[in-house]
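S.K.: Dropping a structure here in structure tokens format, bear with me for questions.
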Amino acid sequence: MRNRGHAVGFALSCWLAVALALPLAGVANASSMDEAHAAYAEGRFTDAARIAESLGTSRGFALAAESLTVHGYFIAARGEKEGLFERALGLAQKAVRADPGNADAHLQLARATGRLAQTIGSFDAADRGYVEQIREATEDALRLDPGMAQAHISLARWHTGIVGKVGSFLARLTHGAREKDAIASLDRALELAPDAKDVPLQYALGLLELDEDEHRQKAKSLLERSIAIPAKDAFERLLDKLARDRLKALEAPGG
């Protein structure tokens, strides 16, 4: 009986140790995620990616992918971009595998694939099936979260990118990309997130991609709207500079 009592006591002690450790692990993960978000907000995107990836969760992988995609697009030297986007793509794939129900994971997969496709060029991107993969990932995000404004933007820019490159007829014939669908998605994004700095910016860039001459005035108005929204973090300051540079180019003689 005494041995049995010792065994029960030992088992209970082990159970308590595990039970007490579980909330602490949750707190540690939450703290690390907060640290990753803080690094992102400060513009330390590679630090944010490192911290978020170390969590080994879908949310962490998704944030890591987003951080590297932003760093690769706005900050990295030309020769570093492809490698960063490939890493971001791998992290986004991990995020989706870790939790297929995470809409943001699918969105980051679409974004990383899109940036990599832009870097390697249209022909190589088509050979790798990236055009279809971008749309599929974006539609997966919208299926999981129809109210995600960023996913509507992603889908819209998929349409505008193809129409802008090959024209309306070939875009519709080869990929089912349509200008009217792009506009509908842009309108929906603006309806869902009227105060988000990137939404009017991306709306403007999408219009300019479709036809700069036809959409010049509306694009200028949208760029001004984006600039008027205060930047809340380092990423939005990068967006602000992009909007100001694009507006300046449009307003320049011959722009």
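Just remember, in the structure tokens the first chain shown is A, the second B, etc., residues are 1-based per chain, and ligands are 1-based in the order shown.
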Which residues come within 12 Å of Gly129 in chain A, counting only C-alpha atoms, excluding same-chain residues fewer than 5 positions away, as a list in words?

M.R.: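 So the residues in contact are Thr113, Gly114, Leu116, Ala117, Ser122, Phe123, Asp124, Ile134, Arg135, Glu136 and His175 of chain A.
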
S.K.: Can you check which residues of range 14-235 of chain A DSSP gives as helix (DSSP H, G or I) on the backbone and send them as a PyMOL selection string?

M.R.: chain A and resi 14-41+45-54+58-74+78-98+103-120+122-127+130-144+149-166+168-175+179-192+198-210+212-228+234-235

S.K.: For Lys218 in chain A, which of A:Leu250, A:Ala193, A:Ala182, A:Ala234 is the closest residue, counting only C-alpha atoms?

M.R.: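 With only C-alpha atoms as the atom set, the closest residue is A:Leu250.
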
S.K.: Which residues come within 8 Å of Arg244 in chain A, counting only C-alpha atoms, excluding same-chain residues fewer than 3 positions away, as a list in words?

M.R.: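 Using only C-alpha atoms, the neighbours found are Leu223, Ile227, Asp240, Lys241, Leu247 and Lys248 of chain A.
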
S.K.: Pick out the residues sitting within 9 Å of Asp233 in chain A, and hand them over as a ChimeraX atom specification; count only C-alpha atoms, and ignore anything fewer than 2 positions along from it in its own chain.

M.R.: /A:40-43,231,235-238

S.K.: So, with only C-alpha atoms as the atoms that count, which of A:Ile229, A:Glu209, A:Phe45, A:Ala252 lies closest to Phe74 in chain A?

M.R.: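 For Phe74 in chain A, the nearest of the given residues is A:Phe45.
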
S.K.: Between A:Ala39, A:Leu222, A:Ala77, A:Ala105, which has the minimum distance to Gly60 in chain A (counting only C-alpha atoms)?

M.R.: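 Distance minimum relative to Gly60 in chain A lands on A:Ala105.
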
S.K.: Residues within 8 Å of Thr69 in chain A, please, as a count of residues only. Count only C-alpha atoms; anything in the same chain fewer than 4 positions from it doesn't count.

M.R.: 8

S.K.: Please provide the set of residues having any atom within 10 Å of Leu205 in chain A, restricted to only C-alpha atoms, with same-chain residues fewer than 5 positions apart removed, written as a compact mmCIF listing (two decimals) with all heavy atoms, in the first residue's frame.

M.R.:
# COMPACT_ATOMS: atom_id res chain seq x y z
N ARG A 157 -5.94 42.21 -57.89
CA ARG A 157 -4.64 42.45 -58.51
C ARG A 157 -4.21 41.26 -59.38
O ARG A 157 -3.42 41.43 -60.31
CB ARG A 157 -3.58 42.75 -57.44
CG ARG A 157 -3.79 44.04 -56.67
CD ARG A 157 -3.90 45.26 -57.60
NE ARG A 157 -2.75 45.40 -58.46
CZ ARG A 157 -1.61 46.02 -58.12
NH1 ARG A 157 -1.49 46.56 -56.92
NH2 ARG A 157 -0.62 46.12 -58.97
N THR A 160 -6.02 42.28 -62.58
CA THR A 160 -5.41 43.43 -63.25
C THR A 160 -4.02 43.11 -63.79
O THR A 160 -3.65 43.62 -64.86
CB THR A 160 -5.30 44.64 -62.29
OG1 THR A 160 -4.42 44.33 -61.20
CG2 THR A 160 -6.66 45.03 -61.75
N VAL A 199 -5.75 49.76 -48.95
CA VAL A 199 -6.84 49.43 -49.87
C VAL A 199 -6.99 50.47 -50.98
O VAL A 199 -6.97 50.11 -52.16
CB VAL A 199 -8.15 49.21 -49.10
CG1 VAL A 199 -9.32 49.07 -50.07
CG2 VAL A 199 -8.04 47.94 -48.25
N PRO A 200 -7.12 51.77 -50.69
CA PRO A 200 -7.18 52.72 -51.81
C PRO A 200 -5.89 52.77 -52.62
O PRO A 200 -5.93 53.01 -53.83
CB PRO A 200 -7.45 54.07 -51.12
CG PRO A 200 -7.07 53.88 -49.70
CD PRO A 200 -7.31 52.43 -49.39
N LEU A 210 -4.51 48.45 -65.32
CA LEU A 210 -5.48 48.17 -66.38
C LEU A 210 -5.34 49.15 -67.53
O LEU A 210 -5.25 48.75 -68.70
CB LEU A 210 -6.90 48.24 -65.81
CG LEU A 210 -7.32 47.12 -64.86
CD1 LEU A 210 -8.66 47.46 -64.22
CD2 LEU A 210 -7.39 45.78 -65.59
N GLU A 212 -3.72 53.24 -67.65
CA GLU A 212 -3.30 54.45 -66.94
C GLU A 212 -4.02 55.69 -67.46
O GLU A 212 -4.42 56.56 -66.68
CB GLU A 212 -1.79 54.63 -67.05
CG GLU A 212 -1.27 55.79 -66.24
CD GLU A 212 0.24 55.81 -66.11
OE1 GLU A 212 0.81 54.73 -65.82
OE2 GLU A 212 0.83 56.88 -66.29
N HIS A 215 -7.90 55.63 -66.40
CA HIS A 215 -8.20 55.66 -64.97
C HIS A 215 -7.35 56.66 -64.18
O HIS A 215 -7.34 56.63 -62.95
CB HIS A 215 -7.99 54.26 -64.38
CG HIS A 215 -8.89 53.22 -64.97
ND1 HIS A 215 -10.25 53.27 -64.88
CD2 HIS A 215 -8.59 52.09 -65.67
CE1 HIS A 215 -10.77 52.21 -65.48
NE2 HIS A 215 -9.79 51.48 -65.97
N ALA A 219 -7.49 57.20 -60.11
CA ALA A 219 -6.31 56.69 -59.41
C ALA A 219 -5.68 57.78 -58.55
O ALA A 219 -5.27 57.53 -57.40
CB ALA A 219 -5.30 56.14 -60.41
N LYS A 220 -5.59 58.99 -59.08
CA LYS A 220 -5.04 60.10 -58.31
C LYS A 220 -5.87 60.36 -57.05
O LYS A 220 -5.32 60.56 -55.96
CB LYS A 220 -4.98 61.37 -59.17
CG LYS A 220 -3.89 61.33 -60.23
CD LYS A 220 -3.96 62.52 -61.16
CE LYS A 220 -3.71 63.83 -60.45
NZ LYS A 220 -3.67 64.98 -61.40
N LEU A 222 -7.69 58.19 -55.42
CA LEU A 222 -7.48 57.09 -54.49
C LEU A 222 -6.12 57.18 -53.82
O LEU A 222 -5.99 56.88 -52.62
CB LEU A 222 -7.61 55.76 -55.23
CG LEU A 222 -9.04 55.36 -55.61
CD1 LEU A 222 -9.03 54.30 -56.70
CD2 LEU A 222 -9.81 54.87 -54.39
N LEU A 223 -5.10 57.61 -54.55
CA LEU A 223 -3.78 57.78 -53.96
C LEU A 223 -3.82 58.88 -52.89
O LEU A 223 -3.23 58.74 -51.82
CB LEU A 223 -2.76 58.12 -55.04
CG LEU A 223 -2.40 56.98 -56.00
CD1 LEU A 223 -1.57 57.49 -57.18
CD2 LEU A 223 -1.66 55.86 -55.28
N ALA A 243 2.67 55.46 -52.26
CA ALA A 243 1.54 56.24 -52.76
C ALA A 243 1.99 57.64 -53.19
O ALA A 243 1.57 58.14 -54.25
CB ALA A 243 0.47 56.35 -51.67
N ARG A 246 3.99 57.43 -56.45
CA ARG A 246 3.13 57.15 -57.62
C ARG A 246 2.31 58.36 -57.99
O ARG A 246 2.12 58.65 -59.17
CB ARG A 246 2.22 55.95 -57.30
CG ARG A 246 1.62 55.32 -58.54
CD ARG A 246 2.72 54.68 -59.39
NE ARG A 246 2.22 54.18 -60.66
CZ ARG A 246 2.15 54.89 -61.79
NH1 ARG A 246 2.53 56.17 -61.79
NH2 ARG A 246 1.72 54.36 -62.91

S.K.: Env of Asn102 in chain A: 8 Å cut, atoms = only C-alpha atoms, seq-sep filter 5 positions within chain, self excluded. Answer as a list in words.

M.R.: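 The contact residues come out as Ser58, Arg59, Ala95, Val96, Ala141 and Leu144 of chain A.
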
S.K.: Using only C-alpha atoms, which of A:Leu91, A:Asp145, A:Ile75, A:Lys232 sits nearest Arg50 in chain A?

M.R.: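 When distances to Arg50 in chain A are compared using only C-alpha atoms, the smallest one comes from A:Leu91.
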
S.K.: Which of these, A:Thr46, A:Ser154, A:Gln93, A:Thr57, has the shortest distance to Ala76 in chain A once you count only C-alpha atoms?

M.R.: A:Thr46

S.K.: Name the closest residue to Gly90 in chain A among the candidates A:Ser31, A:Glu53, A:Gln118, A:Val70; distances are taken between atoms, counting only C-alpha atoms.

M.R.: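 Of the candidates, the smallest distance to Gly90 in chain A is held by A:Glu53.
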
S.K.: Report, in Å to a single decimal, how far apart CA of Tyr203 in chain A and CA of Gly83 in chain A are.

M.R.: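 CA of Tyr203 in chain A lies at a distance of 28.2 Å from CA of Gly83 in chain A.
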